[in-house]
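Encoded as C-alpha cells, the structure appears first; notes follow it.
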Amino acid sequence: MGEARRHLFLGVDVGTSGVRACAVDGGGAIHGEAEAALSPPDTGTSTSEQDPGGWWQGLSAVVLELAQRLGPERIGALAVDSTSGTLVVTDADGHPLRPALLYNDRRATAEAEVIAGYAPAESGAHGAGSSLAKLCHLRRQSQLDGAAFALHAADWLTGRLVGRFGVADENNVLKLGYDPVAGR
C-alpha cells in the first residue's frame with residue numbers, strides 16, 4: 001500500500017452552527033466523518049458574535065472522534081476552513097479578548113465608508129462585513145486593549161493547533177485589505 005493511501009487527511013470545516021470533519025485517503029475515498037454542534041451566535045439588528053472557545057471545543061471533539069475511530073497513527077495531515085470575514089482579536093498568547101465578530105456582523109458601516117475612499121475597487125476590504133471594517137470599529141470603540149493579533153477563525157484555530165499565531169492564509173486576509181498581487 002502506497003504512503004498516500006495509508007495516511008488519511010482530515011478536513012475540518014468550522015461554520016456558524018457546527019464543526020464538520022471528513023477523513024479521506026490519497027485517492028479521495030472517505031474513511032470517516034464527524035460533526036459537533038455549536039452554540040448559536042449572539043445576534044442583534046446588525047451584530048453577530050460567537051465565542052471562539054466553542055469552535056475549539058468542536059474542532060477538538062471531531063478530530064478526537066475520528067482519531068479514535070480510525071487510529072491516530074493514520075492521520076497524516078489536517079486542514080481547517082471557516083467562514084471568511086469572521087474576526088478574532090487575541091493577545092500575544094492567542095487568547096481571544098472578546099467574542100468573535102462573525103462574517104455577517106454589519107455594525108461597522110461608518111468604517112466601511114472610510115475604507116471605500118481608500119481601498120481599490122477590487123479589494124475584499126469593502127463593506128461593513130469586511131474584517132478590516134470590523135477591526136477599525138473595535139479600534140474606534142477602544143476595544144483593542146492588549147490586542148496582538150487580528151485573526152480569522154481558521155487562522156486562530158490553526159494557531160491553537162501549532163502553537164503559533166500571526167500566520168494567515170492569503171485567502172483569509174483578503175477582507176483585511178491584503179493585496180495578493182502586490183503581496184502586502
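Here's how to read the names in the C-alpha cells: chain A, B, ... by the order shown, residue numbers from 1 in each chain, ligand numbers from 1 in the order shown.
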Please identify all polymer residues within 12 Å of stretch 120-137 of chain A, counting only C-alpha atoms, omitting same-chain residues fewer than 2 positions from it, and present them as a ChimeraX atom specification.
/A:46-49,83-90,100-118,139-144,147,149-153,170-182
With only C-alpha atoms as the basis for distance, which of A:Ala37, A:Leu157, A:Cys22, A:Ala92 is at the shortest distance from A:Gly53?
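Going through A:Ala37, A:Leu157, A:Cys22, A:Ala92 one by one, the smallest distance to A:Gly53 is for A:Leu157.
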9 Å contact set for A:Gly94, only C-alpha atoms, chain neighbours under 4 positions out, as a list in words
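Listing them by chain and then by number gives Val89, Thr90, Ala148, Phe149, Trp156, Gly159, Arg160, Gly163, Arg164, Phe165 and Gly166 of chain A.
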Write to file, as a short mmCIF file (atom, residue, chain, number, x, y, z; two decimals), in the first residue's frame, the residues of the selection just made, with all heavy atoms.
data_model
loop_
_atom_site.label_atom_id
_atom_site.label_comp_id
_atom_site.auth_asym_id
_atom_site.auth_seq_id
_atom_site.Cartn_x
_atom_site.Cartn_y
_atom_site.Cartn_z
N VAL A 89 -9.94 38.77 17.77
CA VAL A 89 -8.85 39.61 18.28
C VAL A 89 -8.29 38.92 19.51
O VAL A 89 -9.03 38.59 20.44
CB VAL A 89 -9.36 41.03 18.61
CG1 VAL A 89 -8.24 41.88 19.18
CG2 VAL A 89 -9.96 41.68 17.38
N THR A 90 -6.95 38.71 19.52
CA THR A 90 -6.33 37.97 20.61
C THR A 90 -5.15 38.74 21.21
O THR A 90 -4.62 39.66 20.60
CB THR A 90 -5.80 36.60 20.15
OG1 THR A 90 -4.61 36.78 19.37
CG2 THR A 90 -6.84 35.83 19.35
N ALA A 148 -2.85 41.74 20.19
CA ALA A 148 -1.62 41.48 19.45
C ALA A 148 -1.92 40.97 18.05
O ALA A 148 -1.14 41.21 17.13
CB ALA A 148 -0.76 40.45 20.19
N PHE A 149 -3.04 40.26 17.89
CA PHE A 149 -3.37 39.67 16.60
C PHE A 149 -4.84 39.90 16.24
O PHE A 149 -5.71 39.84 17.10
CB PHE A 149 -3.13 38.15 16.61
CG PHE A 149 -1.71 37.76 16.87
CD1 PHE A 149 -1.35 37.15 18.05
CD2 PHE A 149 -0.73 38.01 15.92
CE1 PHE A 149 -0.03 36.79 18.30
CE2 PHE A 149 0.59 37.65 16.15
CZ PHE A 149 0.94 37.04 17.34
N TRP A 156 -6.98 31.37 13.62
CA TRP A 156 -6.90 31.24 15.07
C TRP A 156 -6.86 29.76 15.47
O TRP A 156 -6.05 29.35 16.30
CB TRP A 156 -8.08 31.94 15.74
CG TRP A 156 -8.06 31.80 17.23
CD1 TRP A 156 -7.20 32.42 18.11
CD2 TRP A 156 -8.89 30.96 18.02
NE1 TRP A 156 -7.46 32.02 19.39
CE2 TRP A 156 -8.50 31.13 19.37
CE3 TRP A 156 -9.94 30.10 17.73
CZ2 TRP A 156 -9.12 30.45 20.42
CZ3 TRP A 156 -10.56 29.43 18.77
CH2 TRP A 156 -10.15 29.61 20.10
N GLY A 159 -3.57 28.31 14.61
CA GLY A 159 -2.60 28.79 15.59
C GLY A 159 -2.67 28.00 16.88
O GLY A 159 -1.64 27.68 17.49
N ARG A 160 -3.87 27.66 17.32
CA ARG A 160 -4.02 26.84 18.53
C ARG A 160 -3.43 25.45 18.31
O ARG A 160 -2.82 24.89 19.22
CB ARG A 160 -5.51 26.68 18.91
CG ARG A 160 -6.20 27.92 19.37
CD ARG A 160 -6.43 28.10 20.85
NE ARG A 160 -6.29 27.04 21.79
CZ ARG A 160 -7.19 26.71 22.70
NH1 ARG A 160 -8.36 27.32 22.73
NH2 ARG A 160 -6.94 25.77 23.57
N GLY A 163 0.52 26.15 17.91
CA GLY A 163 1.16 26.94 18.95
C GLY A 163 1.85 28.20 18.44
O GLY A 163 2.75 28.72 19.07
N ARG A 164 1.39 28.70 17.29
CA ARG A 164 1.99 29.91 16.71
C ARG A 164 0.89 30.73 16.04
O ARG A 164 0.20 30.23 15.14
CB ARG A 164 3.05 29.50 15.69
CG ARG A 164 3.74 30.67 15.06
CD ARG A 164 4.92 30.18 14.21
NE ARG A 164 5.31 31.24 13.31
CZ ARG A 164 5.61 31.08 12.05
NH1 ARG A 164 5.58 29.86 11.53
NH2 ARG A 164 5.97 32.07 11.31
N PHE A 165 0.77 31.97 16.46
CA PHE A 165 -0.26 32.85 15.93
C PHE A 165 0.36 33.91 15.03
O PHE A 165 1.56 34.13 15.06
CB PHE A 165 -1.05 33.50 17.07
CG PHE A 165 -1.79 32.48 17.89
CD1 PHE A 165 -1.20 31.92 19.02
CD2 PHE A 165 -3.04 32.06 17.52
CE1 PHE A 165 -1.87 30.97 19.75
CE2 PHE A 165 -3.72 31.11 18.25
CZ PHE A 165 -3.14 30.56 19.38
N GLY A 166 -0.47 34.55 14.23
CA GLY A 166 0.00 35.61 13.35
C GLY A 166 0.32 35.14 11.95
O GLY A 166 0.82 35.90 11.14
#
Can you tell me, as a list of chain:residue names, which residues in stretch 81-118 of chain A count as alpha helix (DSSP H) by DSSP?
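For stretch 81-118 of chain A, the alpha helix (DSSP H) set is A:Thr109, A:Ala110, A:Glu111, A:Ala112, A:Glu113, A:Val114, A:Ile115, A:Ala116.
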Using DSSP on the backbone, list every residue of stretch 7-166 of chain A that comes out as strand (DSSP E or B), and give them as a short mmCIF file (atom, residue, chain, number, x, y, z; two decimals) with all heavy atoms, in the first residue's frame.
data_model
loop_
_atom_site.label_atom_id
_atom_site.label_comp_id
_atom_site.auth_asym_id
_atom_site.auth_seq_id
_atom_site.Cartn_x
_atom_site.Cartn_y
_atom_site.Cartn_z
N LEU A 8 -4.29 9.23 6.19
CA LEU A 8 -5.55 9.91 5.96
C LEU A 8 -5.37 11.41 6.17
O LEU A 8 -4.52 11.85 6.93
CB LEU A 8 -6.61 9.39 6.93
CG LEU A 8 -6.93 7.90 6.81
CD1 LEU A 8 -7.93 7.48 7.88
CD2 LEU A 8 -7.46 7.57 5.42
N PHE A 9 -6.18 12.16 5.47
CA PHE A 9 -6.14 13.61 5.54
C PHE A 9 -7.47 14.07 6.13
O PHE A 9 -8.53 13.69 5.63
CB PHE A 9 -5.94 14.20 4.14
CG PHE A 9 -4.74 13.61 3.45
CD1 PHE A 9 -4.88 12.52 2.61
CD2 PHE A 9 -3.48 14.14 3.67
CE1 PHE A 9 -3.77 11.96 1.98
CE2 PHE A 9 -2.37 13.59 3.04
CZ PHE A 9 -2.51 12.50 2.21
N LEU A 10 -7.40 14.87 7.19
CA LEU A 10 -8.62 15.37 7.81
C LEU A 10 -8.90 16.78 7.32
O LEU A 10 -8.03 17.65 7.37
CB LEU A 10 -8.48 15.42 9.34
CG LEU A 10 -8.31 14.12 10.09
CD1 LEU A 10 -8.36 14.37 11.60
CD2 LEU A 10 -9.36 13.11 9.70
N GLY A 11 -10.10 16.99 6.85
CA GLY A 11 -10.56 18.32 6.51
C GLY A 11 -11.60 18.72 7.53
O GLY A 11 -12.55 17.96 7.79
N VAL A 12 -11.41 19.88 8.15
CA VAL A 12 -12.33 20.35 9.19
C VAL A 12 -12.93 21.67 8.74
O VAL A 12 -12.20 22.60 8.40
CB VAL A 12 -11.62 20.52 10.54
CG1 VAL A 12 -12.59 21.00 11.61
CG2 VAL A 12 -10.95 19.23 10.98
N ASP A 13 -14.25 21.76 8.76
CA ASP A 13 -14.95 22.98 8.39
C ASP A 13 -15.68 23.49 9.63
O ASP A 13 -16.49 22.78 10.21
CB ASP A 13 -15.96 22.71 7.27
CG ASP A 13 -16.75 23.97 6.93
OD1 ASP A 13 -16.12 24.99 6.61
OD2 ASP A 13 -17.99 23.91 7.00
N VAL A 14 -15.36 24.74 10.00
CA VAL A 14 -16.00 25.36 11.16
C VAL A 14 -16.98 26.40 10.65
O VAL A 14 -16.58 27.39 10.04
CB VAL A 14 -14.95 26.00 12.09
CG1 VAL A 14 -15.63 26.63 13.30
CG2 VAL A 14 -13.93 24.95 12.53
N GLY A 18 -21.98 24.66 13.44
CA GLY A 18 -21.33 23.40 13.78
C GLY A 18 -19.97 23.23 13.15
O GLY A 18 -19.55 24.02 12.30
N VAL A 19 -19.29 22.19 13.60
CA VAL A 19 -17.98 21.82 13.09
C VAL A 19 -18.13 20.46 12.43
O VAL A 19 -18.69 19.53 13.03
CB VAL A 19 -16.93 21.75 14.22
CG1 VAL A 19 -15.57 21.34 13.68
CG2 VAL A 19 -16.84 23.08 14.96
N ARG A 20 -17.65 20.34 11.20
CA ARG A 20 -17.73 19.09 10.47
C ARG A 20 -16.33 18.67 10.05
O ARG A 20 -15.51 19.52 9.69
CB ARG A 20 -18.62 19.25 9.24
CG ARG A 20 -20.08 19.46 9.60
CD ARG A 20 -20.89 20.16 8.53
NE ARG A 20 -20.49 21.54 8.26
CZ ARG A 20 -20.78 22.58 9.04
NH1 ARG A 20 -21.43 22.40 10.15
NH2 ARG A 20 -20.41 23.80 8.71
N ALA A 21 -16.08 17.37 10.08
CA ALA A 21 -14.78 16.85 9.67
C ALA A 21 -14.97 15.63 8.79
O ALA A 21 -15.94 14.88 8.94
CB ALA A 21 -13.93 16.49 10.89
N CYS A 22 -14.02 15.45 7.89
CA CYS A 22 -14.05 14.31 6.98
C CYS A 22 -12.63 13.79 6.83
O CYS A 22 -11.69 14.58 6.67
CB CYS A 22 -14.60 14.77 5.63
SG CYS A 22 -14.79 13.45 4.42
N ALA A 23 -12.46 12.49 6.90
CA ALA A 23 -11.16 11.85 6.71
C ALA A 23 -11.15 11.17 5.35
O ALA A 23 -12.03 10.35 5.07
CB ALA A 23 -10.89 10.84 7.82
N VAL A 24 -10.19 11.52 4.52
CA VAL A 24 -10.06 10.92 3.19
C VAL A 24 -8.66 10.38 3.00
O VAL A 24 -7.70 10.84 3.63
CB VAL A 24 -10.40 11.94 2.07
CG1 VAL A 24 -11.83 12.42 2.18
CG2 VAL A 24 -9.44 13.09 2.06
N ASP A 25 -8.53 9.43 2.09
CA ASP A 25 -7.20 8.92 1.76
C ASP A 25 -6.69 9.64 0.51
O ASP A 25 -7.38 10.49 -0.05
CB ASP A 25 -7.22 7.40 1.60
CG ASP A 25 -8.07 6.91 0.45
OD1 ASP A 25 -8.29 7.65 -0.54
OD2 ASP A 25 -8.52 5.74 0.51
N ILE A 30 -13.58 8.40 1.21
CA ILE A 30 -13.94 8.86 2.55
C ILE A 30 -13.86 7.68 3.52
O ILE A 30 -14.41 6.62 3.27
CB ILE A 30 -15.35 9.46 2.56
CG1 ILE A 30 -15.38 10.72 1.68
CG2 ILE A 30 -15.80 9.78 3.98
CD1 ILE A 30 -16.76 11.33 1.49
N HIS A 31 -13.14 7.90 4.62
CA HIS A 31 -12.99 6.86 5.64
C HIS A 31 -13.75 7.16 6.92
O HIS A 31 -13.90 6.28 7.77
CB HIS A 31 -11.50 6.68 5.97
CG HIS A 31 -10.75 6.01 4.87
ND1 HIS A 31 -10.39 4.70 4.90
CD2 HIS A 31 -10.31 6.51 3.69
CE1 HIS A 31 -9.75 4.39 3.78
NE2 HIS A 31 -9.69 5.48 3.03
N GLY A 32 -14.21 8.38 7.07
CA GLY A 32 -14.98 8.71 8.27
C GLY A 32 -15.39 10.17 8.28
O GLY A 32 -14.75 11.01 7.65
N GLU A 33 -16.48 10.42 8.98
CA GLU A 33 -16.98 11.78 9.12
C GLU A 33 -17.43 11.97 10.57
O GLU A 33 -17.81 11.00 11.23
CB GLU A 33 -18.17 12.04 8.19
CG GLU A 33 -17.80 11.94 6.71
CD GLU A 33 -19.00 12.11 5.81
OE1 GLU A 33 -19.78 11.14 5.69
OE2 GLU A 33 -19.15 13.20 5.25
N ALA A 34 -17.36 13.22 11.04
CA ALA A 34 -17.81 13.55 12.39
C ALA A 34 -18.31 14.98 12.39
O ALA A 34 -17.90 15.79 11.56
CB ALA A 34 -16.67 13.38 13.39
N GLU A 35 -19.21 15.28 13.32
CA GLU A 35 -19.66 16.65 13.45
C GLU A 35 -20.02 16.94 14.90
O GLU A 35 -20.33 16.05 15.68
CB GLU A 35 -20.81 16.98 12.51
CG GLU A 35 -22.06 16.17 12.63
CD GLU A 35 -23.07 16.58 11.57
OE1 GLU A 35 -22.97 16.09 10.43
OE2 GLU A 35 -23.95 17.41 11.90
N ALA A 36 -19.93 18.24 15.22
CA ALA A 36 -20.27 18.72 16.56
C ALA A 36 -21.04 20.02 16.41
O ALA A 36 -20.65 20.89 15.61
CB ALA A 36 -19.01 18.95 17.39
N ALA A 37 -22.11 20.15 17.15
CA ALA A 37 -22.93 21.37 17.10
C ALA A 37 -22.25 22.47 17.90
O ALA A 37 -21.51 22.22 18.86
CB ALA A 37 -24.31 21.08 17.67
N ASP A 42 -24.63 35.11 19.23
CA ASP A 42 -25.39 36.18 19.87
C ASP A 42 -25.61 37.24 18.79
O ASP A 42 -24.65 37.84 18.31
CB ASP A 42 -24.58 36.74 21.04
CG ASP A 42 -25.31 37.83 21.79
OD1 ASP A 42 -26.54 37.97 21.64
OD2 ASP A 42 -24.63 38.57 22.54
N THR A 43 -26.85 37.42 18.39
CA THR A 43 -27.14 38.33 17.28
C THR A 43 -28.06 39.47 17.71
O THR A 43 -28.86 39.34 18.62
CB THR A 43 -27.80 37.59 16.10
OG1 THR A 43 -29.00 36.97 16.56
CG2 THR A 43 -26.88 36.53 15.53
N SER A 48 -23.39 40.23 15.19
CA SER A 48 -23.36 38.77 15.23
C SER A 48 -22.01 38.36 15.81
O SER A 48 -20.97 38.57 15.20
CB SER A 48 -23.55 38.19 13.82
OG SER A 48 -23.66 36.79 13.87
N GLU A 49 -22.05 37.80 17.03
CA GLU A 49 -20.83 37.42 17.74
C GLU A 49 -20.93 35.98 18.22
O GLU A 49 -22.02 35.46 18.43
CB GLU A 49 -20.62 38.31 18.97
CG GLU A 49 -20.44 39.77 18.64
CD GLU A 49 -20.18 40.61 19.88
OE1 GLU A 49 -20.36 40.12 21.02
OE2 GLU A 49 -19.81 41.79 19.71
N GLN A 50 -19.75 35.36 18.40
CA GLN A 50 -19.72 33.99 18.88
C GLN A 50 -18.43 33.78 19.68
O GLN A 50 -17.39 34.37 19.36
CB GLN A 50 -19.77 33.01 17.70
CG GLN A 50 -20.14 31.60 18.07
CD GLN A 50 -20.49 30.78 16.83
OE1 GLN A 50 -19.87 30.92 15.78
NE2 GLN A 50 -21.48 29.92 16.95
N ILE A 75 -3.52 9.39 10.68
CA ILE A 75 -3.76 10.78 10.29
C ILE A 75 -2.44 11.43 9.91
O ILE A 75 -1.54 11.58 10.73
CB ILE A 75 -4.47 11.56 11.41
CG1 ILE A 75 -5.83 10.90 11.68
CG2 ILE A 75 -4.64 13.03 11.01
CD1 ILE A 75 -6.54 11.41 12.89
N GLY A 76 -2.33 11.82 8.64
CA GLY A 76 -1.09 12.39 8.13
C GLY A 76 -1.11 13.90 8.01
O GLY A 76 -0.06 14.55 8.02
N ALA A 77 -2.30 14.49 7.92
CA ALA A 77 -2.39 15.95 7.75
C ALA A 77 -3.79 16.41 8.15
O ALA A 77 -4.73 15.61 8.16
CB ALA A 77 -2.10 16.34 6.31
N LEU A 78 -3.89 17.70 8.46
CA LEU A 78 -5.16 18.27 8.85
C LEU A 78 -5.27 19.66 8.23
O LEU A 78 -4.30 20.42 8.23
CB LEU A 78 -5.23 18.38 10.38
CG LEU A 78 -6.53 18.91 10.95
CD1 LEU A 78 -6.94 18.05 12.13
CD2 LEU A 78 -6.38 20.34 11.39
N ALA A 79 -6.42 19.98 7.67
CA ALA A 79 -6.68 21.31 7.11
C ALA A 79 -7.93 21.86 7.78
O ALA A 79 -8.89 21.14 8.00
CB ALA A 79 -6.89 21.22 5.60
N VAL A 80 -7.90 23.16 8.10
CA VAL A 80 -9.03 23.82 8.76
C VAL A 80 -9.54 24.93 7.86
O VAL A 80 -8.77 25.72 7.33
CB VAL A 80 -8.60 24.42 10.12
CG1 VAL A 80 -9.78 25.11 10.79
CG2 VAL A 80 -8.01 23.36 11.03
N ASP A 81 -10.86 24.99 7.72
CA ASP A 81 -11.51 26.02 6.93
C ASP A 81 -12.63 26.60 7.77
O ASP A 81 -13.20 25.92 8.62
CB ASP A 81 -12.08 25.41 5.64
CG ASP A 81 -12.73 26.45 4.76
OD1 ASP A 81 -12.12 27.52 4.55
OD2 ASP A 81 -13.84 26.21 4.28
N SER A 82 -12.92 27.87 7.53
CA SER A 82 -14.01 28.50 8.25
C SER A 82 -14.53 29.68 7.44
O SER A 82 -14.03 29.97 6.36
CB SER A 82 -13.54 28.98 9.63
OG SER A 82 -14.65 29.41 10.39
N LEU A 87 -13.80 37.72 12.50
CA LEU A 87 -12.62 38.32 13.10
C LEU A 87 -12.50 37.94 14.57
O LEU A 87 -13.43 38.11 15.35
CB LEU A 87 -12.71 39.85 12.98
CG LEU A 87 -11.53 40.63 13.54
CD1 LEU A 87 -10.29 40.44 12.66
CD2 LEU A 87 -11.89 42.11 13.63
N VAL A 88 -11.31 37.45 14.94
CA VAL A 88 -10.97 37.12 16.32
C VAL A 88 -9.78 37.99 16.72
O VAL A 88 -8.74 37.94 16.07
CB VAL A 88 -10.56 35.63 16.47
CG1 VAL A 88 -10.29 35.29 17.93
CG2 VAL A 88 -11.59 34.71 15.88
N VAL A 89 -9.94 38.77 17.77
CA VAL A 89 -8.85 39.61 18.28
C VAL A 89 -8.29 38.92 19.51
O VAL A 89 -9.03 38.59 20.44
CB VAL A 89 -9.36 41.03 18.61
CG1 VAL A 89 -8.24 41.88 19.18
CG2 VAL A 89 -9.96 41.68 17.38
N THR A 90 -6.95 38.71 19.52
CA THR A 90 -6.33 37.97 20.61
C THR A 90 -5.15 38.74 21.21
O THR A 90 -4.62 39.66 20.60
CB THR A 90 -5.80 36.60 20.15
OG1 THR A 90 -4.61 36.78 19.37
CG2 THR A 90 -6.84 35.83 19.35
N PRO A 96 -8.44 34.86 22.96
CA PRO A 96 -9.39 35.87 22.48
C PRO A 96 -9.69 36.91 23.56
O PRO A 96 -9.88 36.55 24.73
CB PRO A 96 -10.64 35.06 22.13
CG PRO A 96 -10.13 33.68 21.87
CD PRO A 96 -8.98 33.50 22.84
N ALA A 100 -15.83 36.72 19.00
CA ALA A 100 -15.50 36.97 17.59
C ALA A 100 -16.66 37.71 16.92
O ALA A 100 -17.82 37.46 17.23
CB ALA A 100 -15.25 35.65 16.88
N LEU A 101 -16.31 38.60 16.01
CA LEU A 101 -17.32 39.24 15.16
C LEU A 101 -17.47 38.36 13.93
O LEU A 101 -16.51 38.18 13.17
CB LEU A 101 -16.89 40.66 14.78
CG LEU A 101 -17.19 41.75 15.80
CD1 LEU A 101 -16.47 41.53 17.11
CD2 LEU A 101 -16.86 43.10 15.22
N PHE A 149 -3.04 40.26 17.89
CA PHE A 149 -3.37 39.67 16.60
C PHE A 149 -4.84 39.90 16.24
O PHE A 149 -5.71 39.84 17.10
CB PHE A 149 -3.13 38.15 16.61
CG PHE A 149 -1.71 37.76 16.87
CD1 PHE A 149 -1.35 37.15 18.05
CD2 PHE A 149 -0.73 38.01 15.92
CE1 PHE A 149 -0.03 36.79 18.30
CE2 PHE A 149 0.59 37.65 16.15
CZ PHE A 149 0.94 37.04 17.34
N ALA A 150 -5.06 40.15 14.97
CA ALA A 150 -6.40 40.17 14.38
C ALA A 150 -6.43 38.98 13.43
O ALA A 150 -5.75 38.99 12.40
CB ALA A 150 -6.65 41.48 13.64
N LEU A 151 -7.17 37.96 13.79
CA LEU A 151 -7.14 36.68 13.07
C LEU A 151 -8.52 36.31 12.54
O LEU A 151 -9.53 36.71 13.10
CB LEU A 151 -6.66 35.57 14.01
CG LEU A 151 -5.32 35.79 14.68
CD1 LEU A 151 -5.12 34.78 15.79
CD2 LEU A 151 -4.20 35.70 13.67
N HIS A 152 -8.51 35.51 11.50
CA HIS A 152 -9.75 34.90 11.04
C HIS A 152 -9.91 33.57 11.76
O HIS A 152 -8.94 33.02 12.31
CB HIS A 152 -9.73 34.74 9.52
CG HIS A 152 -9.80 36.09 8.86
ND1 HIS A 152 -8.68 36.80 8.54
CD2 HIS A 152 -10.86 36.85 8.51
CE1 HIS A 152 -9.05 37.96 8.01
NE2 HIS A 152 -10.37 38.01 7.99
#
Closest of A:Asp51, A:Trp56, A:His7, A:Pro99 to A:Gly71 - atom-to-atom distances counting only C-alpha atoms:
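Closest to A:Gly71, using only C-alpha atoms: A:His7.
With atom CA of A:Arg74 on one side and atom CA of A:Val62 on the other, the separation reads 15.4 Å.
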